$ cat model-v4.cif   # mmCIF, C-alpha atoms
data_model
loop_
_atom_site.group_PDB
_atom_site.id
_atom_site.type_symbol
_atom_site.label_atom_id
_atom_site.label_comp_id
_atom_site.auth_asym_id
_atom_site.auth_seq_id
_atom_site.Cartn_x
_atom_site.Cartn_y
_atom_site.Cartn_z
ATOM 1 C CA MET A 911 74.138 -1.529 32.332
ATOM 2 C CA ARG A 912 74.884 -3.518 29.178
ATOM 3 C CA ILE A 913 72.586 -6.344 30.348
ATOM 4 C CA LYS A 914 69.804 -3.873 31.135
ATOM 5 C CA ALA A 915 70.203 -2.167 27.762
ATOM 6 C CA LYS A 916 70.176 -5.535 26.043
ATOM 7 C CA ASN A 917 67.000 -6.533 27.888
ATOM 8 C CA LEU A 918 65.339 -3.234 26.917
ATOM 9 C CA LEU A 919 66.349 -3.804 23.311
ATOM 10 C CA LEU A 920 64.864 -7.307 23.365
ATOM 11 C CA ILE A 921 61.628 -5.958 24.872
ATOM 12 C CA ALA A 922 61.451 -3.236 22.213
ATOM 13 C CA ILE A 923 62.019 -5.776 19.430
ATOM 14 C CA SER A 924 59.366 -8.075 20.901
ATOM 15 C CA ILE A 925 56.852 -5.204 21.080
ATOM 16 C CA PHE A 926 57.678 -4.222 17.502
ATOM 17 C CA ILE A 927 57.167 -7.800 16.305
ATOM 18 C CA LEU A 928 53.876 -8.054 18.247
ATOM 19 C CA ILE A 929 52.573 -4.790 16.770
ATOM 20 C CA GLY A 930 53.638 -5.911 13.307
ATOM 21 C CA SER A 931 51.885 -9.246 13.754
ATOM 22 C CA ILE A 932 48.670 -7.550 14.879
ATOM 23 C CA ALA A 933 48.837 -5.114 11.969
ATOM 24 C CA ALA A 934 49.364 -7.981 9.537
ATOM 25 C CA PHE A 935 46.439 -9.851 11.067
ATOM 26 C CA LEU A 936 44.137 -6.850 10.816
ATOM 27 C CA PHE A 937 45.169 -5.074 7.637
ATOM 28 C CA LEU A 938 46.896 -7.376 5.169
ATOM 29 C CA GLY A 939 45.239 -9.564 2.571
ATOM 30 C CA ASP A 940 41.657 -10.505 1.847
ATOM 31 C CA THR A 941 39.734 -11.400 4.961
ATOM 32 C CA PRO A 942 37.685 -14.587 5.342
ATOM 33 C CA MET A 943 34.583 -12.387 5.091
ATOM 34 C CA LYS A 944 35.703 -10.868 1.786
ATOM 35 C CA LYS A 945 36.457 -14.322 0.411
ATOM 36 C CA LEU A 946 33.047 -15.577 1.537
ATOM 37 C CA TYR A 947 31.335 -12.623 -0.136
ATOM 38 C CA LEU A 948 33.207 -13.083 -3.430
ATOM 39 C CA SER A 949 32.535 -16.813 -3.421
ATOM 40 C CA GLU A 950 28.808 -16.270 -2.867
ATOM 41 C CA VAL A 951 28.716 -13.638 -5.610
ATOM 42 C CA GLN A 952 30.419 -15.979 -8.057
ATOM 43 C CA THR A 953 27.955 -18.764 -7.257
ATOM 44 C CA GLU A 954 25.068 -16.442 -8.128
ATOM 45 C CA LEU A 955 26.811 -15.114 -11.247
ATOM 46 C CA ASP A 956 27.253 -18.684 -12.462
ATOM 47 C CA LYS A 957 23.454 -19.063 -12.311
ATOM 48 C CA SER A 958 22.804 -15.657 -13.886
ATOM 49 C CA ILE A 959 21.847 -16.048 -17.567
ATOM 50 C CA VAL A 960 22.060 -12.985 -19.817
ATOM 51 C CA SER A 961 19.250 -13.155 -22.388
ATOM 52 C CA HIS A 962 20.423 -10.180 -24.519
ATOM 53 C CA GLU A 963 16.765 -9.194 -24.858
ATOM 54 C CA THR A 964 15.973 -5.480 -24.807
ATOM 55 C CA PHE A 965 13.326 -3.534 -22.921
ATOM 56 C CA LYS A 966 10.284 -2.908 -25.114
ATOM 57 C CA GLU A 967 7.163 -0.803 -24.713
ATOM 58 C CA GLU A 968 5.028 -3.933 -24.355
ATOM 59 C CA ASP A 969 7.151 -4.973 -21.351
ATOM 60 C CA ILE A 970 6.037 -1.922 -19.378
ATOM 61 C CA ALA A 971 2.484 -1.538 -20.707
ATOM 62 C CA ASN A 972 0.858 -2.887 -17.522
ATOM 63 C CA LEU A 973 3.027 -0.943 -15.090
ATOM 64 C CA PRO A 974 1.723 2.196 -13.317
ATOM 65 C CA LEU A 975 2.140 5.306 -15.452
ATOM 66 C CA PRO A 976 4.906 6.889 -13.313
ATOM 67 C CA VAL A 977 6.915 3.647 -13.549
ATOM 68 C CA GLN A 978 6.425 3.591 -17.326
ATOM 69 C CA LEU A 979 7.655 7.185 -17.460
ATOM 70 C CA TYR A 980 10.731 6.174 -15.448
ATOM 71 C CA PHE A 981 11.630 3.484 -18.004
ATOM 72 C CA ARG A 982 11.182 5.897 -20.903
ATOM 73 C CA ASN A 983 12.745 9.059 -19.529
ATOM 74 C CA CYS A 984 15.684 7.297 -17.908
ATOM 75 C CA GLY A 985 16.563 5.613 -21.214
ATOM 76 C CA TYR A 986 15.861 1.929 -20.590
ATOM 77 C CA ILE A 987 13.601 1.279 -23.600
ATOM 78 C CA GLY A 988 15.766 -0.352 -26.257
ATOM 79 C CA LYS A 989 18.562 -1.158 -23.792
ATOM 80 C CA GLU A 990 19.555 -4.714 -22.891
ATOM 81 C CA LYS A 991 17.765 -6.283 -19.959
ATOM 82 C CA MET A 992 20.011 -7.052 -17.036
ATOM 83 C CA SER A 993 20.288 -10.341 -15.179
ATOM 84 C CA ASN A 994 22.540 -8.889 -12.480
ATOM 85 C CA ALA A 995 24.145 -5.633 -11.464
ATOM 86 C CA LYS A 996 27.211 -4.551 -9.528
ATOM 87 C CA LEU A 997 26.653 -1.309 -7.646
ATOM 88 C CA VAL A 998 29.903 0.552 -7.082
ATOM 89 C CA TRP A 999 29.808 2.986 -4.158
ATOM 90 C CA ALA A 1000 32.181 5.773 -3.181
ATOM 91 C CA ASP A 1001 32.301 8.336 -0.346
ATOM 92 C CA VAL A 1002 29.877 6.420 1.851
ATOM 93 C CA ASN A 1003 29.112 8.025 5.219
ATOM 94 C CA PHE A 1004 27.589 5.802 7.897
ATOM 95 C CA LYS A 1005 26.276 6.145 11.460
ATOM 96 C CA MET A 1006 25.896 3.209 13.839
ATOM 97 C CA ASN A 1007 23.364 5.152 15.964
ATOM 98 C CA PRO A 1008 21.838 8.658 15.964
ATOM 99 C CA ASP A 1009 24.332 10.057 18.490
ATOM 100 C CA ASN A 1010 27.438 8.783 16.722
ATOM 101 C CA PRO A 1011 29.509 10.947 14.372
ATOM 102 C CA TRP A 1012 29.664 10.016 10.698
ATOM 103 C CA SER A 1013 32.319 7.499 9.690
ATOM 104 C CA LYS A 1014 33.536 6.402 6.278
ATOM 105 C CA ILE A 1015 32.897 2.859 5.074
ATOM 106 C CA LYS A 1016 33.662 0.939 1.896
ATOM 107 C CA TYR A 1017 30.616 -0.644 0.298
ATOM 108 C CA GLU A 1018 29.868 -2.702 -2.792
ATOM 109 C CA GLN A 1019 27.019 -4.976 -3.761
ATOM 110 C CA TYR A 1020 25.567 -7.299 -6.383
ATOM 111 C CA ASN A 1021 21.849 -7.605 -7.116
ATOM 112 C CA PHE A 1022 20.365 -10.501 -9.082
ATOM 113 C CA VAL A 1023 17.143 -10.557 -11.098
ATOM 114 C CA SER A 1024 15.621 -13.923 -12.062
ATOM 115 C CA GLU A 1025 15.490 -15.002 -8.412
ATOM 116 C CA PRO A 1026 15.668 -11.997 -6.076
ATOM 117 C CA ALA A 1027 19.068 -11.916 -4.398
ATOM 118 C CA ARG A 1028 21.341 -9.238 -2.985
ATOM 119 C CA LEU A 1029 24.888 -9.557 -1.651
ATOM 120 C CA ALA A 1030 26.734 -6.595 -0.155
ATOM 121 C CA TYR A 1031 30.224 -6.252 1.329
ATOM 122 C CA ILE A 1032 30.996 -3.636 3.983
ATOM 123 C CA TYR A 1033 34.428 -2.625 5.277
ATOM 124 C CA ALA A 1034 34.513 -0.321 8.304
ATOM 125 C CA THR A 1035 36.563 0.519 11.390
ATOM 126 C CA ILE A 1036 35.878 0.644 15.106
ATOM 127 C CA PHE A 1037 36.928 4.030 16.573
ATOM 128 C CA ASP A 1038 38.527 4.726 13.163
ATOM 129 C CA ILE A 1039 41.319 2.329 14.167
ATOM 130 C CA ILE A 1040 40.319 -1.340 14.230
ATOM 131 C CA PRO A 1041 39.024 -2.660 10.899
ATOM 132 C CA PHE A 1042 36.182 -5.121 10.531
ATOM 133 C CA ASP A 1043 34.080 -6.229 7.606
ATOM 134 C CA GLY A 1044 30.651 -7.648 7.011
ATOM 135 C CA ARG A 1045 28.360 -9.254 4.488
ATOM 136 C CA ASP A 1046 24.693 -8.380 4.073
ATOM 137 C CA LYS A 1047 22.825 -11.192 2.282
ATOM 138 C CA TYR A 1048 19.349 -11.715 0.853
ATOM 139 C CA LEU A 1049 19.202 -15.123 -0.795
ATOM 140 C CA ASN A 1050 16.514 -17.806 -1.164
ATOM 141 C CA GLY A 1051 14.079 -15.518 0.618
ATOM 142 C CA GLN A 1052 16.258 -15.268 3.725
ATOM 143 C CA GLY A 1053 18.279 -12.372 5.097
ATOM 144 C CA ASN A 1054 21.513 -12.462 7.063
ATOM 145 C CA MET A 1055 23.863 -9.804 8.380
ATOM 146 C CA LEU A 1056 27.268 -11.126 9.384
ATOM 147 C CA ALA A 1057 30.249 -9.088 10.621
ATOM 148 C CA LYS A 1058 33.689 -10.222 11.707
ATOM 149 C CA LEU A 1059 37.010 -8.892 12.870
ATOM 150 C CA LYS A 1060 39.072 -11.306 10.776
ATOM 151 C CA THR A 1061 37.939 -14.656 12.251
ATOM 152 C CA ILE A 1062 36.140 -13.224 15.302
ATOM 153 C CA THR A 1063 32.372 -12.924 14.830
ATOM 154 C CA LEU A 1064 31.003 -9.554 15.968
ATOM 155 C CA PHE A 1065 27.381 -10.287 15.083
ATOM 156 C CA ASP A 1066 25.381 -12.765 13.016
ATOM 157 C CA VAL A 1067 21.740 -11.758 12.572
ATOM 158 C CA SER A 1068 19.072 -13.847 10.860
ATOM 159 C CA GLY A 1069 15.435 -14.792 11.379
ATOM 160 C CA SER A 1070 11.973 -13.754 10.224
ATOM 161 C CA GLU A 1071 12.466 -10.030 10.883
ATOM 162 C CA MET A 1072 15.731 -10.079 8.958
ATOM 163 C CA ASN A 1073 14.029 -11.892 6.064
ATOM 164 C CA VAL A 1074 11.448 -9.115 5.700
ATOM 165 C CA SER A 1075 14.013 -6.340 6.120
ATOM 166 C CA ALA A 1076 16.309 -7.849 3.495
ATOM 167 C CA ALA A 1077 13.387 -8.279 1.086
ATOM 168 C CA VAL A 1078 12.291 -4.671 1.474
ATOM 169 C CA THR A 1079 15.865 -3.451 0.974
ATOM 170 C CA TYR A 1080 15.984 -5.402 -2.277
ATOM 171 C CA LEU A 1081 12.606 -3.934 -3.282
ATOM 172 C CA SER A 1082 13.826 -0.381 -2.616
ATOM 173 C CA GLU A 1083 16.567 -0.910 -5.231
ATOM 174 C CA ALA A 1084 14.327 -2.532 -7.855
ATOM 175 C CA LEU A 1085 14.352 0.524 -10.132
ATOM 176 C CA LEU A 1086 18.146 0.742 -10.025
ATOM 177 C CA VAL A 1087 18.084 -2.705 -11.655
ATOM 178 C CA PRO A 1088 14.781 -2.236 -13.501
ATOM 179 C CA ALA A 1089 14.482 -5.736 -14.952
ATOM 180 C CA CYS A 1090 13.472 -6.566 -11.364
ATOM 181 C CA ALA A 1091 10.344 -4.454 -11.813
ATOM 182 C CA LEU A 1092 9.115 -6.852 -14.519
ATOM 183 C CA GLN A 1093 9.547 -10.054 -12.516
ATOM 184 C CA PRO A 1094 6.567 -12.062 -11.214
ATOM 185 C CA TYR A 1095 7.717 -11.691 -7.603
ATOM 186 C CA ILE A 1096 7.016 -7.910 -7.756
ATOM 187 C CA SER A 1097 3.502 -6.550 -8.299
ATOM 188 C CA TRP A 1098 2.544 -2.914 -8.833
ATOM 189 C CA GLU A 1099 -0.412 -0.720 -7.913
ATOM 190 C CA THR A 1100 -1.102 2.744 -9.313
ATOM 191 C CA ILE A 1101 -1.589 5.420 -6.642
ATOM 192 C CA ASP A 1102 -1.474 8.642 -8.695
ATOM 193 C CA GLN A 1103 0.661 10.383 -11.334
ATOM 194 C CA THR A 1104 3.758 10.509 -9.135
ATOM 195 C CA HIS A 1105 3.325 7.510 -6.805
ATOM 196 C CA ALA A 1106 3.246 3.741 -7.268
ATOM 197 C CA LYS A 1107 3.064 0.979 -4.687
ATOM 198 C CA ALA A 1108 5.246 -2.123 -5.124
ATOM 199 C CA THR A 1109 4.892 -5.456 -3.346
ATOM 200 C CA LEU A 1110 7.506 -8.218 -3.280
ATOM 201 C CA GLU A 1111 6.316 -11.738 -2.447
ATOM 202 C CA TYR A 1112 8.851 -14.543 -2.464
ATOM 203 C CA LYS A 1113 9.399 -17.741 -0.464
ATOM 204 C CA GLY A 1114 6.580 -16.896 1.935
ATOM 205 C CA VAL A 1115 7.874 -13.397 2.713
ATOM 206 C CA LYS A 1116 5.952 -10.267 1.755
ATOM 207 C CA ALA A 1117 7.254 -6.689 1.769
ATOM 208 C CA GLU A 1118 5.854 -3.530 0.244
ATOM 209 C CA GLY A 1119 6.676 0.123 -0.201
ATOM 210 C CA LEU A 1120 5.741 3.335 -1.972
ATOM 211 C CA PHE A 1121 7.832 4.834 -4.774
ATOM 212 C CA THR A 1122 7.677 8.579 -5.438
ATOM 213 C CA PHE A 1123 8.631 10.101 -8.798
ATOM 214 C CA ASN A 1124 9.174 13.688 -9.917
ATOM 215 C CA ASN A 1125 7.740 15.246 -13.088
ATOM 216 C CA ASN A 1126 10.829 14.147 -15.044
ATOM 217 C CA GLY A 1127 9.991 10.508 -14.355
ATOM 218 C CA GLU A 1128 12.890 10.117 -11.919
ATOM 219 C CA PHE A 1129 12.472 7.879 -8.872
ATOM 220 C CA ILE A 1130 13.242 10.171 -5.925
ATOM 221 C CA LYS A 1131 11.962 8.330 -2.838
ATOM 222 C CA PHE A 1132 11.003 4.920 -1.470
ATOM 223 C CA GLU A 1133 9.060 4.600 1.796
ATOM 224 C CA THR A 1134 8.032 1.519 3.763
ATOM 225 C CA ASP A 1135 6.691 0.479 7.150
ATOM 226 C CA ASP A 1136 7.924 -3.098 6.678
ATOM 227 C CA ARG A 1137 11.551 -2.768 7.768
ATOM 228 C CA TYR A 1138 12.662 -3.814 11.249
ATOM 229 C CA MET A 1139 14.997 -1.689 13.358
ATOM 230 C CA ASP A 1140 17.006 -3.032 16.278
ATOM 231 C CA THR A 1141 15.957 -1.533 19.600
ATOM 232 C CA ASP A 1142 18.066 -0.916 22.684
ATOM 233 C CA ASN A 1143 16.611 -3.943 24.465
ATOM 234 C CA GLY A 1144 17.781 -6.399 21.804
ATOM 235 C CA THR A 1145 14.479 -6.791 19.976
ATOM 236 C CA ALA A 1146 13.469 -5.634 16.493
ATOM 237 C CA LYS A 1147 10.517 -3.353 15.782
ATOM 238 C CA LYS A 1148 8.883 -2.339 12.501
ATOM 239 C CA THR A 1149 9.869 1.263 11.866
ATOM 240 C CA LYS A 1150 9.205 3.603 8.969
ATOM 241 C CA TRP A 1151 12.199 3.644 6.619
ATOM 242 C CA THR A 1152 12.937 5.918 3.670
ATOM 243 C CA VAL A 1153 15.417 5.908 0.799
ATOM 244 C CA VAL A 1154 16.031 9.226 -0.971
ATOM 245 C CA ALA A 1155 17.569 9.272 -4.475
ATOM 246 C CA THR A 1156 19.010 12.508 -5.911
ATOM 247 C CA ASN A 1157 21.627 13.969 -8.281
ATOM 248 C CA TYR A 1158 20.737 12.091 -11.450
ATOM 249 C CA ILE A 1159 23.584 11.691 -13.940
ATOM 250 C CA GLU A 1160 23.768 10.183 -17.426
ATOM 251 C CA LYS A 1161 25.857 7.105 -18.193
ATOM 252 C CA ASP A 1162 25.759 5.152 -21.468
ATOM 253 C CA GLY A 1163 22.424 6.705 -22.347
ATOM 254 C CA LEU A 1164 20.852 5.934 -18.950
ATOM 255 C CA LYS A 1165 19.872 8.396 -16.244
ATOM 256 C CA LEU A 1166 20.902 7.160 -12.791
ATOM 257 C CA PRO A 1167 20.715 8.676 -9.306
ATOM 258 C CA SER A 1168 24.253 9.301 -8.072
ATOM 259 C CA ARG A 1169 23.420 9.855 -4.420
ATOM 260 C CA LEU A 1170 21.244 7.797 -2.095
ATOM 261 C CA LYS A 1171 20.413 8.219 1.558
ATOM 262 C CA ALA A 1172 18.801 5.750 3.974
ATOM 263 C CA ILE A 1173 16.783 7.192 6.841
ATOM 264 C CA TRP A 1174 14.893 5.802 9.833
ATOM 265 C CA ASN A 1175 11.827 7.973 10.417
ATOM 266 C CA LEU A 1176 11.634 7.854 14.218
ATOM 267 C CA PRO A 1177 9.012 9.544 16.437
ATOM 268 C CA SER A 1178 11.854 11.652 17.860
ATOM 269 C CA GLY A 1179 12.976 12.743 14.383
ATOM 270 C CA ASP A 1180 14.717 11.388 11.314
ATOM 271 C CA TYR A 1181 17.852 9.296 11.827
ATOM 272 C CA GLU A 1182 19.861 9.399 8.604
ATOM 273 C CA TYR A 1183 22.467 6.658 8.791
ATOM 274 C CA PHE A 1184 23.634 6.016 5.205
ATOM 275 C CA ASP A 1185 24.690 8.696 2.714
ATOM 276 C CA GLY A 1186 26.482 7.287 -0.300
ATOM 277 C CA THR A 1187 27.601 8.294 -3.761
ATOM 278 C CA LEU A 1188 26.627 5.681 -6.328
ATOM 279 C CA LYS A 1189 29.675 5.910 -8.544
ATOM 280 C CA ASP A 1190 28.646 3.334 -11.126
ATOM 281 C CA ILE A 1191 26.291 0.485 -11.971
ATOM 282 C CA VAL A 1192 27.694 -2.338 -14.088
ATOM 283 C CA TYR A 1193 25.063 -4.624 -15.579
ATOM 284 C CA ASN A 1194 25.424 -8.265 -16.680
ATOM 285 C CA ASN A 1195 28.722 -9.073 -14.988
ATOM 286 C CA PRO A 1196 30.185 -12.423 -16.110
ATOM 287 C CA THR A 1197 32.512 -13.174 -13.203
ATOM 288 C CA VAL A 1198 34.448 -11.922 -10.199
ATOM 289 C CA LYS A 1199 37.930 -12.866 -9.112
ATOM 290 C CA VAL A 1200 37.675 -15.240 -6.173
ATOM 291 C CA PRO A 1201 40.905 -15.544 -4.138
#
$ encode --input "model-v4.cif" --output "structure tokens"
Amino acid sequence: MRIKAKNLLLIAISIFILIGSIAAFLFLGDTPMKKLYLSEVQTELDKSIVSHETFKEEDIANLPLPVQLYFRNCGYIGKEKMSNAKLVWADVNFKMNPDNPWSKIKYEQYNFVSEPARLAYIYATIFDIIPFDGRDKYLNGQGNMLAKLKTITLFDVSGSEMNVSAAVTYLSEALLVPACALQPYISWETIDQTHAKATLEYKGVKAEGLFTFNNNGEFIKFETDDRYMDTDNGTAKKTKWTVVATNYIEKDGLKLPSRLKAIWNLPSGDYEYFDGTLKDIVYNNPTVKVP
């Protein structure tokens, strides 16, 4: 009986050590993906030059009237132009497909101005148990979505469809980092008093979308037909995509939307898959801590 009890004790200890090792592998420390993301962000920050110039009326004179109103009413005239921005998200709900329940994810991103670039870090769980993380990148005109469970690659998506999708995502956020709206890679077309069309052309990739504004000059919606959605058969198809911005708040004299939703407008009905609270936007970041 003593030998059997001893063997059971050894088995229990071994299982405990195995579980502890798995937990340490999955949960402890910065992952290779997080380190990659931070390293890429720092590389772009090192190239990001803050001019300390301010937004002036002459900067926006040639923009469509609703975009001009956005700059004025949201407080950007007289404020320092940004060369980059860190978008700090909280309470982000996410759906992997229309039939899935909502799950919580952690999400942060950096957008860059002089050359259009966007880097985002996502931390999520599978079945609310197994953690994995990913990096969404738009850089040098190319898009890439990479996700890993520690060192195991779950998916790595790139190619022409991803390039266009990443460009249009960047375009949808141009007014959150409004120095982007003044760059030569974005052109504007007046539609009417509450709508303006924007087109991004960079490195041979073109993407466009329609911005909608309310009577207060607040950007409330972005719509495009240029974003690709993965289909069940492993291909990507252009599908109407909408971003909705609501709940404007004031921070440091600027009016900012505090809630954004991303929605696929499918023939069968809208598939809302991202619902996040934009907690803060920090402009002109000098550095990040790279492990």
$ resolve_selection --input "model-v4.cif" --expression "the PyMOL selection byres ((chain A and resi 1163) around 12)" --output "ChimeraX atom specification"
/A:982-990,1159-1162,1164-1166
$ resolve_selection --input "model-v4.cif" --expression "the PyMOL selection byres ((chain A and resi 1169-1185) around 6)" --output "number ranges by chain"
A: 1002-1005, 1008, 1150-1157, 1167-1168, 1186-1188
$ resolve_selection --input "model-v4.cif" --expression "the PyMOL selection byres ((chain A and resi 1078-1085) around 8)" --output "PyMOL selection string"
chain A and resi 1021+1026-1028+1048+1074-1077+1086-1091+1108-1110+1117-1119+1129+1132+1134+1136-1137+1153
$ write_last_selection --input "model-v4.cif" --atoms "C-alpha atoms" --output "PDB file, in the frame of the given file"
ATOM      1  CA  ASN A1021      21.849  -7.605  -7.116  1.00  0.00           C
ATOM      2  CA  PRO A1026      15.668 -11.997  -6.076  1.00  0.00           C
ATOM      3  CA  ALA A1027      19.068 -11.916  -4.398  1.00  0.00           C
ATOM      4  CA  ARG A1028      21.341  -9.238  -2.985  1.00  0.00           C
ATOM      5  CA  TYR A1048      19.349 -11.715   0.853  1.00  0.00           C
ATOM      6  CA  VAL A1074      11.448  -9.115   5.700  1.00  0.00           C
ATOM      7  CA  SER A1075      14.013  -6.340   6.120  1.00  0.00           C
ATOM      8  CA  ALA A1076      16.309  -7.849   3.495  1.00  0.00           C
ATOM      9  CA  ALA A1077      13.387  -8.279   1.086  1.00  0.00           C
ATOM     10  CA  LEU A1086      18.146   0.742 -10.025  1.00  0.00           C
ATOM     11  CA  VAL A1087      18.084  -2.705 -11.655  1.00  0.00           C
ATOM     12  CA  PRO A1088      14.781  -2.236 -13.501  1.00  0.00           C
ATOM     13  CA  ALA A1089      14.482  -5.736 -14.952  1.00  0.00           C
ATOM     14  CA  CYS A1090      13.472  -6.566 -11.364  1.00  0.00           C
ATOM     15  CA  ALA A1091      10.344  -4.454 -11.813  1.00  0.00           C
ATOM     16  CA  ALA A1108       5.246  -2.123  -5.124  1.00  0.00           C
ATOM     17  CA  THR A1109       4.892  -5.456  -3.346  1.00  0.00           C
ATOM     18  CA  LEU A1110       7.506  -8.218  -3.280  1.00  0.00           C
ATOM     19  CA  ALA A1117       7.254  -6.689   1.769  1.00  0.00           C
ATOM     20  CA  GLU A1118       5.854  -3.530   0.244  1.00  0.00           C
ATOM     21  CA  GLY A1119       6.676   0.123  -0.201  1.00  0.00           C
ATOM     22  CA  PHE A1129      12.472   7.879  -8.872  1.00  0.00           C
ATOM     23  CA  PHE A1132      11.003   4.920  -1.470  1.00  0.00           C
ATOM     24  CA  THR A1134       8.032   1.519   3.763  1.00  0.00           C
ATOM     25  CA  ASP A1136       7.924  -3.098   6.678  1.00  0.00           C
ATOM     26  CA  ARG A1137      11.551  -2.768   7.768  1.00  0.00           C
ATOM     27  CA  VAL A1153      15.417   5.908   0.799  1.00  0.00           C
TER      28      VAL A1153
END
$ atom_distance --input "model-v4.cif" --atom1 "CA of Val1192 (chain A)" --atom2 "CA of Tyr1020 (chain A)"
9.4 Å
$ atom_distance --input "model-v4.cif" --atom1 "CA of Ile959 (chain A)" --atom2 "CA of Asn994 (chain A)"
8.8 Å
$ closest_residue --input "model-v4.cif" --among "A:Ala995, A:Ile1096, A:Leu1056, A:Met1006" --to "Thr1035 (chain A)" --atoms "all atoms listed in the file"
A:Met1006
$ atom_distance --input "model-v4.cif" --atom1 "CA of Met1055 (chain A)" --atom2 "CA of Met1072 (chain A)"
8.2 Å
$ closest_residue --input "model-v4.cif" --among "A:Leu1049, A:Pro974, A:Thr1104, A:Glu1018" --to "Thr953 (chain A)" --atoms "all atoms listed in the file"
A:Leu1049
$ axis_aligned_box --input "model-v4.cif" --around "region 1129-1146 of chain A" --padding-each-side "5 Å" --output "lines of an AutoDock Vina configuration file"
center_x = 12.4
center_y = 1.7
center_z = 7.8
size_x = 21.4
size_y = 27.0
size_z = 43.3
$ closest_residue --input "model-v4.cif" --among "A:Gln978, A:Thr1197, A:Thr1141, A:Ser961" --to "Leu1092 (chain A)" --atoms "only C-alpha atoms"
A:Gln978
$ residues_near_point --input "model-v4.cif" --point "(33.4, 1.6, 4.7)" --cutoff "7 Å" --atoms "only C-alpha atoms" --output "PyMOL selection string"
chain A and resi 1002+1014-1017+1032-1034
$ residues_around --input "model-v4.cif" --residues "Leu1029 (chain A)" --least-positions-apart "2" --cutoff "6 Å" --atoms "all atoms listed in the file" --output "PDB file with C-alpha atoms, in the frame of the given file"
ATOM      1  CA  GLN A1019      27.019  -4.976  -3.761  1.00  0.00           C
ATOM      2  CA  TYR A1020      25.567  -7.299  -6.383  1.00  0.00           C
ATOM      3  CA  ASP A1046      24.693  -8.380   4.073  1.00  0.00           C
ATOM      4  CA  LYS A1047      22.825 -11.192   2.282  1.00  0.00           C
TER       5      LYS A1047
END
$ build_atoms --input "model-v4.cif" --residues "region 1068-1080 of chain A" --atoms "N, CA and C atoms" --output "tab-separated table (two decimals), in the coordinates of the input"
chain	number	residue	atom	x	y	z
A	1068	SER	N	19.97	-13.22	11.82
A	1068	SER	CA	19.07	-13.85	10.86
A	1068	SER	C	17.71	-14.02	11.54
A	1069	GLY	N	16.75	-14.58	10.81
A	1069	GLY	CA	15.44	-14.79	11.38
A	1069	GLY	C	14.35	-14.11	10.56
A	1070	SER	N	13.11	-14.23	11.00
A	1070	SER	CA	11.97	-13.75	10.22
A	1070	SER	C	12.01	-12.24	10.01
A	1071	GLU	N	12.39	-11.48	11.05
A	1071	GLU	CA	12.47	-10.03	10.88
A	1071	GLU	C	13.53	-9.65	9.86
A	1072	MET	N	14.65	-10.35	9.91
A	1072	MET	CA	15.73	-10.08	8.96
A	1072	MET	C	15.31	-10.44	7.55
A	1073	ASN	N	14.51	-11.49	7.40
A	1073	ASN	CA	14.03	-11.89	6.06
A	1073	ASN	C	13.20	-10.78	5.42
A	1074	VAL	N	12.30	-10.19	6.22
A	1074	VAL	CA	11.45	-9.12	5.70
A	1074	VAL	C	12.29	-7.87	5.41
A	1075	SER	N	13.19	-7.53	6.31
A	1075	SER	CA	14.01	-6.34	6.12
A	1075	SER	C	14.89	-6.46	4.88
A	1076	ALA	N	15.47	-7.64	4.67
A	1076	ALA	CA	16.31	-7.85	3.50
A	1076	ALA	C	15.49	-7.79	2.21
A	1077	ALA	N	14.26	-8.32	2.26
A	1077	ALA	CA	13.39	-8.28	1.09
A	1077	ALA	C	13.01	-6.85	0.74
A	1078	VAL	N	12.70	-6.04	1.75
A	1078	VAL	CA	12.29	-4.67	1.47
A	1078	VAL	C	13.47	-3.82	1.02
A	1079	THR	N	14.67	-4.13	1.49
A	1079	THR	CA	15.86	-3.45	0.97
A	1079	THR	C	16.05	-3.75	-0.50
A	1080	TYR	N	15.89	-5.02	-0.87
A	1080	TYR	CA	15.98	-5.40	-2.28
A	1080	TYR	C	14.92	-4.67	-3.09
